[in-house]
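Next comes structure-v6.cif, a file with mmCIF, C-alpha atoms.
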```cif
data_start
loop_
_atom_site.group_PDB
_atom_site.id
_atom_site.type_symbol
_atom_site.label_atom_id
_atom_site.label_comp_id
_atom_site.auth_asym_id
_atom_site.auth_seq_id
_atom_site.Cartn_x
_atom_site.Cartn_y
_atom_site.Cartn_z
ATOM 1 C CA MET A 1 0.000 0.000 0.000
ATOM 2 C CA ASN A 2 1.490 3.365 -0.981
ATOM 3 C CA THR A 3 2.561 6.187 1.332
ATOM 4 C CA TYR A 4 -0.391 8.431 0.460
ATOM 5 C CA THR A 5 -2.883 5.706 1.330
ATOM 6 C CA LYS A 6 -1.167 5.137 4.675
ATOM 7 C CA TYR A 7 -1.246 8.895 5.305
ATOM 8 C CA TRP A 8 -4.994 8.946 4.674
ATOM 9 C CA PHE A 9 -5.406 6.021 7.064
ATOM 10 C CA LEU A 10 -3.518 7.768 9.882
ATOM 11 C CA GLU A 11 -5.272 11.128 9.518
ATOM 12 C CA GLY A 12 -8.072 9.902 11.765
ATOM 13 C CA PHE A 13 -5.744 9.411 14.743
ATOM 14 C CA ASN A 14 -5.768 12.323 17.199
ATOM 15 C CA LEU A 15 -2.306 11.188 18.244
ATOM 16 C CA PHE A 16 -0.801 12.657 15.074
ATOM 17 C CA ASN A 17 -2.684 15.957 14.909
ATOM 18 C CA LYS A 18 0.350 18.104 15.771
ATOM 19 C CA LEU A 19 3.003 16.274 13.750
ATOM 20 C CA GLY A 20 2.531 18.106 10.464
ATOM 21 C CA ARG A 21 2.260 16.715 6.953
ATOM 22 C CA ILE A 22 6.001 16.296 6.273
ATOM 23 C CA THR A 23 6.638 14.289 9.449
ATOM 24 C CA MET A 24 3.512 12.223 8.824
ATOM 25 C CA MET A 25 4.630 11.384 5.297
ATOM 26 C CA ARG A 26 8.068 10.323 6.521
ATOM 27 C CA MET A 27 6.478 8.166 9.175
ATOM 28 C CA CYS A 28 4.186 6.536 6.611
ATOM 29 C CA GLU A 29 7.202 5.548 4.530
ATOM 30 C CA ILE A 30 8.362 3.165 7.281
ATOM 31 C CA LEU A 31 4.925 1.934 8.352
ATOM 32 C CA GLU A 32 3.672 -1.517 7.438
ATOM 33 C CA MET A 33 -0.009 -2.205 6.899
ATOM 34 C CA ASP A 34 -1.981 -5.416 7.187
ATOM 35 C CA ASN A 35 -5.516 -6.789 6.997
ATOM 36 C CA ILE A 36 -6.388 -9.058 9.929
ATOM 37 C CA ASP A 37 -9.213 -11.588 9.742
ATOM 38 C CA LYS A 38 -11.683 -11.970 12.590
ATOM 39 C CA GLY A 39 -10.391 -14.412 15.197
ATOM 40 C CA SER A 40 -6.759 -14.090 14.102
ATOM 41 C CA THR A 41 -3.918 -13.339 16.503
ATOM 42 C CA ILE A 42 -1.889 -10.205 15.809
ATOM 43 C CA GLU A 43 1.797 -10.794 16.437
ATOM 44 C CA LEU A 44 2.947 -8.064 18.829
ATOM 45 C CA LEU A 45 6.431 -9.585 18.790
ATOM 46 C CA ASN A 46 7.774 -10.680 15.408
ATOM 47 C CA ASN A 47 11.340 -11.911 14.827
ATOM 48 C CA ASP A 48 12.309 -10.580 18.262
ATOM 49 C CA LYS A 49 11.167 -7.100 17.262
ATOM 50 C CA LYS A 50 8.330 -5.399 19.109
ATOM 51 C CA SER A 51 5.890 -3.162 17.265
ATOM 52 C CA ILE A 52 3.408 -0.379 17.976
ATOM 53 C CA PHE A 53 0.059 -0.789 16.210
ATOM 54 C CA PHE A 54 -2.502 1.717 14.946
ATOM 55 C CA LEU A 55 -5.990 0.267 14.545
ATOM 56 C CA LYS A 56 -7.734 1.864 11.572
ATOM 57 C CA LYS A 57 -10.678 -0.527 11.308
ATOM 58 C CA GLY A 58 -12.260 -3.087 13.622
ATOM 59 C CA THR A 59 -11.904 -4.005 17.284
ATOM 60 C CA ILE A 60 -9.305 -6.122 19.067
ATOM 61 C CA LYS A 61 -8.858 -7.534 22.545
ATOM 62 C CA ILE A 62 -5.582 -7.662 24.446
ATOM 63 C CA ILE A 63 -5.032 -10.909 26.335
ATOM 64 C CA ASP A 64 -2.740 -11.605 29.269
ATOM 65 C CA THR A 65 -1.184 -14.857 28.067
ATOM 66 C CA PRO A 66 -0.045 -16.370 31.416
ATOM 67 C CA ASN A 67 -3.636 -16.268 32.703
ATOM 68 C CA ASN A 68 -5.398 -16.346 29.308
ATOM 69 C CA THR A 69 -7.654 -13.492 30.426
ATOM 70 C CA VAL A 70 -8.790 -10.354 28.619
ATOM 71 C CA LYS A 71 -7.033 -7.184 29.831
ATOM 72 C CA TYR A 72 -8.795 -4.534 27.739
ATOM 73 C CA ILE A 73 -10.498 -3.786 24.425
ATOM 74 C CA VAL A 74 -9.171 -1.463 21.698
ATOM 75 C CA LYS A 75 -11.432 0.276 19.191
ATOM 76 C CA LYS A 76 -10.597 1.854 15.846
ATOM 77 C CA GLY A 77 -8.613 5.075 15.935
ATOM 78 C CA HIS A 78 -6.516 3.902 18.878
ATOM 79 C CA ILE A 79 -3.109 2.309 19.373
ATOM 80 C CA PHE A 80 -1.977 -0.866 21.084
ATOM 81 C CA GLY A 81 1.299 -2.592 21.786
ATOM 82 C CA GLU A 82 2.618 0.583 23.444
ATOM 83 C CA LEU A 83 3.448 -1.411 26.590
ATOM 84 C CA SER A 84 6.693 -2.484 24.893
ATOM 85 C CA LEU A 85 7.887 1.127 25.157
ATOM 86 C CA TYR A 86 7.596 1.114 28.953
ATOM 87 C CA ASN A 87 7.755 -2.465 30.198
ATOM 88 C CA GLU A 88 9.271 -4.959 27.762
ATOM 89 C CA GLN A 89 8.894 -7.970 30.035
ATOM 90 C CA ALA A 90 5.175 -7.341 30.576
ATOM 91 C CA ALA A 91 4.715 -6.732 26.841
ATOM 92 C CA GLU A 92 5.976 -10.230 26.102
ATOM 93 C CA GLU A 93 3.040 -11.604 28.098
ATOM 94 C CA GLU A 94 0.411 -9.932 25.899
ATOM 95 C CA LYS A 95 -1.242 -10.976 22.663
ATOM 96 C CA ALA A 96 -3.899 -9.298 20.521
ATOM 97 C CA VAL A 97 -6.869 -11.070 18.940
ATOM 98 C CA ALA A 98 -9.159 -9.540 16.304
ATOM 99 C CA LEU A 99 -12.801 -9.471 17.408
ATOM 100 C CA GLU A 100 -13.800 -8.580 13.828
ATOM 101 C CA ASP A 101 -12.014 -7.991 10.527
ATOM 102 C CA CYS A 102 -9.359 -5.323 11.161
ATOM 103 C CA ILE A 103 -6.909 -3.074 9.343
ATOM 104 C CA VAL A 104 -3.732 -2.130 11.203
ATOM 105 C CA CYS A 105 -0.608 -0.095 10.541
ATOM 106 C CA TYR A 106 2.449 -0.887 12.621
ATOM 107 C CA ILE A 107 5.960 0.353 13.235
ATOM 108 C CA GLU A 108 8.886 -1.149 15.115
ATOM 109 C CA ALA A 109 9.051 0.078 18.707
ATOM 110 C CA ASP A 110 12.663 1.275 18.320
ATOM 111 C CA ARG A 111 11.724 3.497 15.388
ATOM 112 C CA MET A 112 8.661 4.759 17.220
ATOM 113 C CA GLU A 113 10.825 5.775 20.181
ATOM 114 C CA LYS A 114 13.118 7.812 17.920
ATOM 115 C CA ILE A 115 10.150 9.667 16.408
ATOM 116 C CA MET A 116 8.692 10.291 19.868
ATOM 117 C CA GLU A 117 11.965 11.798 21.069
ATOM 118 C CA LYS A 118 11.828 14.329 18.221
ATOM 119 C CA HIS A 119 8.142 15.175 18.688
ATOM 120 C CA LYS A 120 7.000 15.897 22.218
ATOM 121 C CA SER A 121 3.285 15.957 21.312
ATOM 122 C CA LEU A 122 3.499 12.365 20.077
ATOM 123 C CA LYS A 123 5.490 11.260 23.115
ATOM 124 C CA ASN A 124 2.948 12.867 25.465
ATOM 125 C CA GLY A 125 0.057 11.353 23.511
ATOM 126 C CA VAL A 126 1.399 7.807 23.740
ATOM 127 C CA LEU A 127 2.225 8.287 27.421
ATOM 128 C CA LYS A 128 -1.353 9.455 28.001
ATOM 129 C CA VAL A 129 -2.742 6.314 26.364
ATOM 130 C CA TYR A 130 -0.502 4.153 28.528
ATOM 131 C CA GLY A 131 -1.475 6.102 31.658
ATOM 132 C CA LEU A 132 -5.196 5.781 30.949
ATOM 133 C CA ARG A 133 -4.878 2.016 30.580
ATOM 134 C CA ILE A 134 -3.044 1.790 33.884
ATOM 135 C CA LYS A 135 -5.836 3.814 35.499
ATOM 136 C CA LYS A 136 -8.465 1.459 34.077
ATOM 137 C CA LEU A 137 -6.646 -1.533 35.532
ATOM 138 C CA GLU A 138 -6.384 0.254 38.885
ATOM 139 C CA ARG A 139 -10.109 1.006 38.742
ATOM 140 C CA ARG A 140 -10.844 -2.670 38.195
ATOM 141 C CA LEU A 141 -8.862 -3.501 41.321
ATOM 142 C CA ARG A 142 -10.764 -0.885 43.350
ATOM 143 C CA ASP A 143 -14.069 -2.159 42.022
ATOM 144 C CA LEU A 144 -13.095 -5.659 43.073
ATOM 145 C CA LEU A 145 -12.703 -4.410 46.634
ATOM 146 C CA TYR A 146 -15.730 -2.130 46.910
ATOM 147 C CA LYS A 147 -18.370 -3.346 44.428
ATOM 148 C CA ASP A 148 -20.220 -6.624 44.179
ATOM 149 C CA SER A 149 -20.261 -8.771 41.037
ATOM 150 C CA ALA A 150 -23.579 -7.452 39.726
ATOM 151 C CA ALA A 151 -22.473 -3.830 40.072
ATOM 152 C CA ARG A 152 -19.170 -4.495 38.285
ATOM 153 C CA ILE A 153 -20.857 -6.283 35.397
ATOM 154 C CA THR A 154 -23.583 -3.665 35.041
ATOM 155 C CA GLU A 155 -21.106 -0.799 35.061
ATOM 156 C CA PHE A 156 -18.849 -2.520 32.548
ATOM 157 C CA ILE A 157 -21.701 -3.199 30.118
ATOM 158 C CA MET A 158 -22.977 0.383 30.287
ATOM 159 C CA ASP A 159 -19.441 1.730 29.770
ATOM 160 C CA TYR A 160 -18.896 -0.634 26.842
ATOM 161 C CA ILE A 161 -22.082 0.450 25.078
ATOM 162 C CA ASN A 162 -21.281 4.127 25.620
ATOM 163 C CA GLU A 163 -17.701 3.770 24.364
ATOM 164 C CA PHE A 164 -18.246 1.458 21.397
ATOM 165 C CA GLY A 165 -21.834 2.290 20.492
ATOM 166 C CA GLU A 166 -23.471 4.774 18.147
ATOM 167 C CA ASN A 167 -26.636 6.790 18.578
ATOM 168 C CA GLU A 168 -29.608 5.447 16.678
ATOM 169 C CA ASN A 169 -32.966 7.091 17.334
ATOM 170 C CA ASP A 170 -33.599 6.724 21.082
ATOM 171 C CA ARG A 171 -30.932 4.060 21.722
ATOM 172 C CA ILE A 172 -27.167 3.596 21.820
ATOM 173 C CA ILE A 173 -26.239 0.472 19.842
ATOM 174 C CA ALA A 174 -22.885 -1.336 19.849
ATOM 175 C CA LYS A 175 -21.668 -4.502 18.176
ATOM 176 C CA ASN A 176 -21.908 -7.446 20.557
ATOM 177 C CA LEU A 177 -18.277 -8.540 20.209
ATOM 178 C CA LEU A 178 -17.537 -9.905 23.682
ATOM 179 C CA SER A 179 -18.419 -13.359 24.952
ATOM 180 C CA HIS A 180 -19.724 -13.842 28.479
ATOM 181 C CA LYS A 181 -16.326 -15.368 29.245
ATOM 182 C CA ASP A 182 -14.594 -12.176 28.056
ATOM 183 C CA ILE A 183 -16.842 -10.037 30.240
ATOM 184 C CA SER A 184 -16.240 -12.305 33.220
ATOM 185 C CA HIS A 185 -12.475 -11.798 32.799
ATOM 186 C CA LEU A 186 -12.874 -8.040 32.515
ATOM 187 C CA THR A 187 -15.043 -7.847 35.638
ATOM 188 C CA ASN A 188 -13.406 -10.577 37.745
ATOM 189 C CA THR A 189 -16.626 -12.573 37.918
ATOM 190 C CA SER A 190 -17.894 -15.931 36.665
ATOM 191 C CA ARG A 191 -19.428 -16.549 33.246
ATOM 192 C CA GLN A 192 -22.672 -17.736 34.874
ATOM 193 C CA THR A 193 -22.903 -14.529 36.920
ATOM 194 C CA VAL A 194 -22.444 -12.475 33.740
ATOM 195 C CA SER A 195 -25.248 -14.425 32.076
ATOM 196 C CA ASN A 196 -27.574 -13.940 35.056
ATOM 197 C CA VAL A 197 -26.891 -10.202 35.360
ATOM 198 C CA MET A 198 -27.338 -9.583 31.632
ATOM 199 C CA SER A 199 -30.621 -11.497 31.627
ATOM 200 C CA SER A 200 -31.803 -9.430 34.593
ATOM 201 C CA LEU A 201 -30.806 -6.163 32.884
ATOM 202 C CA ARG A 202 -32.722 -7.191 29.780
ATOM 203 C CA SER A 203 -35.781 -8.136 31.842
ATOM 204 C CA ASP A 204 -35.643 -4.676 33.445
ATOM 205 C CA GLN A 205 -35.314 -3.147 29.949
ATOM 206 C CA GLN A 206 -32.021 -1.500 30.863
ATOM 207 C CA ILE A 207 -30.338 -3.236 27.924
ATOM 208 C CA ASP A 208 -31.263 -5.398 24.962
ATOM 209 C CA TYR A 209 -29.011 -7.734 23.025
ATOM 210 C CA ASP A 210 -28.754 -10.561 20.519
ATOM 211 C CA SER A 211 -25.828 -12.341 18.872
ATOM 212 C CA GLN A 212 -24.898 -9.240 16.843
ATOM 213 C CA PHE A 213 -25.757 -6.120 18.848
ATOM 214 C CA ILE A 214 -26.163 -4.845 22.394
ATOM 215 C CA SER A 215 -27.982 -1.607 23.176
ATOM 216 C CA MET A 216 -29.467 0.583 25.872
ATOM 217 C CA PRO A 217 -31.836 3.555 25.918
ATOM 218 C CA LYS A 218 -30.339 7.018 25.734
ATOM 219 C CA LYS A 219 -30.425 8.864 29.005
ATOM 220 C CA PRO A 220 -32.895 11.762 28.863
ATOM 221 C CA ILE A 221 -31.282 15.206 28.823
ATOM 222 C CA PRO A 222 -32.078 17.048 32.093
ATOM 223 C CA THR A 223 -34.376 20.057 31.641
#
```

Kindly transcribe the structure held in the file into C-alpha cells.
Amino acid sequence: MNTYTKYWFLEGFNLFNKLGRITMMRMCEILEMDNIDKGSTIELLNNDKKSIFFLKKGTIKIIDTPNNTVKYIVKKGHIFGELSLYNEQAAEEEKAVALEDCIVCYIEADRMEKIMEKHKSLKNGVLKVYGLRIKKLERRLRDLLYKDSAARITEFIMDYINEFGENENDRIIAKNLLSHKDISHLTNTSRQTVSNVMSSLRSDQQIDYDSQFISMPKKPIPT
C-alpha cells in the first residue's frame, strides 16, 4: 500500500494531529499495513522485534497470556502494543486477537521511540494512552474491593455500550463482540454470573441484546 494511502489512514488518529504533513509522510514511509481476519492473533512480537500498532478498522482484545484473560479492548482510531515502550517484560506476556475484521498499521518500537523523542506531542500522547490504561486496571482492582459482582458487570456493560456504540434514534447500539467469558475476565466474575446479570438487565429493559448487537436507551437530557 502506498505512502499516500497510509497517510490517509492515519489522519483519523488524534495522536498525530500536531506532527505536520512532512513528518507524517516520513512516518508513513516506514509503516507496514496489514488486513487481519476476525479471530486471528496479531503478532505483537515478530522476529524478536516489538511493534506499535494503529488500529484503523475493527476491534481487538488484548489478552494476558499467562492467565489467558482479557485485559482490555481497543477500538478503531486507537493504538496498542505501546506497553513495549515502557515495560518490555510485561509486553511479552500480551497478545492481541481480532474481534472482527481489522486493518492495522504498525511500526517497530525502536523506530517509534526515535520519532517520539523528536516530537513531544506524540510522546505525550502515547504516554497518556498508557497512563489511561493503567488507570483502568487500577479502577478494576478498586471495584473488586468495593463493588459486588452485579455492580461491576452492570457498570462494565454500560461503559462498553457508551464507548463502542453509536446513537440510533432513542438508543445507543454497539456490536456485541464480547463473549460472556470475556466479560467475566474483565469484571473478575464468573461466566454464569455475567449471564444472570445480563438477563436481569434485559428483563428490566435496561439493555437489549442478541448475537450481533447490544444496546441501551439514551439517558434523557435534564431540563

- Enter the distance from CA of Glu155 (chain A) to CA of Ser200 (chain A), in Å, rounded to one decimal.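 CA of Glu155 (chain A) sits 13.8 Å away from CA of Ser200 (chain A).
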
- Task: Might you spell out which residues the PyMOL selection byres ((chain A and resi 121) around 12) would select in the displayed file, as a list in words?
- Result: Asn14, Leu15, Phe16, Asn17, Lys18, Leu19, Gly20, Ile115, Met116, Glu117, Lys118, His119, Lys120, Leu122, Lys123, Asn124, Gly125, Val126, Leu127 and Lys128 of chain A

Taking C-alpha atoms for each residue, export the selection above as a CSV table (one decimal), in the coordinates of the input.
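And here is the file that came out, again.csv:
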```csv
chain,number,residue,atom,x,y,z
A,14,ASN,CA,-5.8,12.3,17.2
A,15,LEU,CA,-2.3,11.2,18.2
A,16,PHE,CA,-0.8,12.7,15.1
A,17,ASN,CA,-2.7,16.0,14.9
A,18,LYS,CA,0.4,18.1,15.8
A,19,LEU,CA,3.0,16.3,13.8
A,20,GLY,CA,2.5,18.1,10.5
A,115,ILE,CA,10.2,9.7,16.4
A,116,MET,CA,8.7,10.3,19.9
A,117,GLU,CA,12.0,11.8,21.1
A,118,LYS,CA,11.8,14.3,18.2
A,119,HIS,CA,8.1,15.2,18.7
A,120,LYS,CA,7.0,15.9,22.2
A,122,LEU,CA,3.5,12.4,20.1
A,123,LYS,CA,5.5,11.3,23.1
A,124,ASN,CA,2.9,12.9,25.5
A,125,GLY,CA,0.1,11.4,23.5
A,126,VAL,CA,1.4,7.8,23.7
A,127,LEU,CA,2.2,8.3,27.4
A,128,LYS,CA,-1.4,9.5,28.0
```

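Each of A:Arg142, A:Lys218, A:Lys114, A:Asp182 was compared to Ile161 (chain A) using all atoms listed in the file, and A:Lys218 turns out to be the nearest.
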
- Please provide as a PyMOL selection string all residues within 7 Å of region 25-35 of chain A, with the sequence filter that same-chain residues fewer than 3 positions apart are discarded (counting all atoms listed in the file). chain A and resi 3+6-7+21-22+102-107

- Task: Please identify all polymer residues within 9 Å of Glu93 (chain A), counting only C-alpha atoms, omitting same-chain residues fewer than 6 positions from it, and present them as a ChimeraX atom specification.
- Result: /A:63-66

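Using all atoms listed in the file, the set of residues no farther than 7 Å from the position (-16.2, -10.7, 19.4) comprises Leu99, Glu100, Asn176, Leu177, Leu178 and Ser179 of chain A.
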
- Query: Rounded to one decimal in Å, what is the spacing between CA of Val194 (chain A) and CA of Phe80 (chain A)?
  - Reply: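 A separation of 26.7 Å between them.
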
- Message: Please list as an NGL selection string every residue within 12 Å of region 48-52 of chain A, counting all atoms listed in the file and excluding residues in the same chain fewer than 3 positions away.
- Response: :A and (31-33 or 42-45 or 55 or 78-89 or 91-92 or 94-96 or 104-113 or 126)

- Task: For the structure shown, which residues end up in the PyMOL selection byres ((chain A and resi 75) around 9)? Put them as number ranges by chain, please?
- Result: A: 55-61, 73-74, 76-79, 163-164

- CA of Asn196 (chain A) to CA of Ala98 (chain A), straight-line distance in Å: 26.6 Å

- Give me the residues within 12 Å of Asp143 (chain A) as number ranges by chain, counting only C-alpha atoms and dropping any in the same chain fewer than 4 places off. A: 136-139, 147-156, 186-189

- Message: Give me, as an MDAnalysis selection string, all polymer residues having an atom no more than 10 Å from Tyr209 (chain A), counting all atoms listed in the file and skipping those fewer than 4 positions away in the same chain.
- Response: chainID A and resid 173:176 198:199 202 213:216

Padded axis-aligned box of region 75-83 of chain A (3 Å per side), centre and edge lengths, Å, one decimal, as AutoDock Vina command-line options:
```
--center_x -4.0 --center_y 1.2 --center_z 21.2 --size_x 20.9 --size_y 13.7 --size_z 16.7
```

- Which one is closest to Ile183 (chain A): A:Val97, A:Val129, A:Leu201, A:Val70? Count all atoms listed in the file.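 Looking only at the distances to Ile183 (chain A), the closest residue turns out to be A:Val70.
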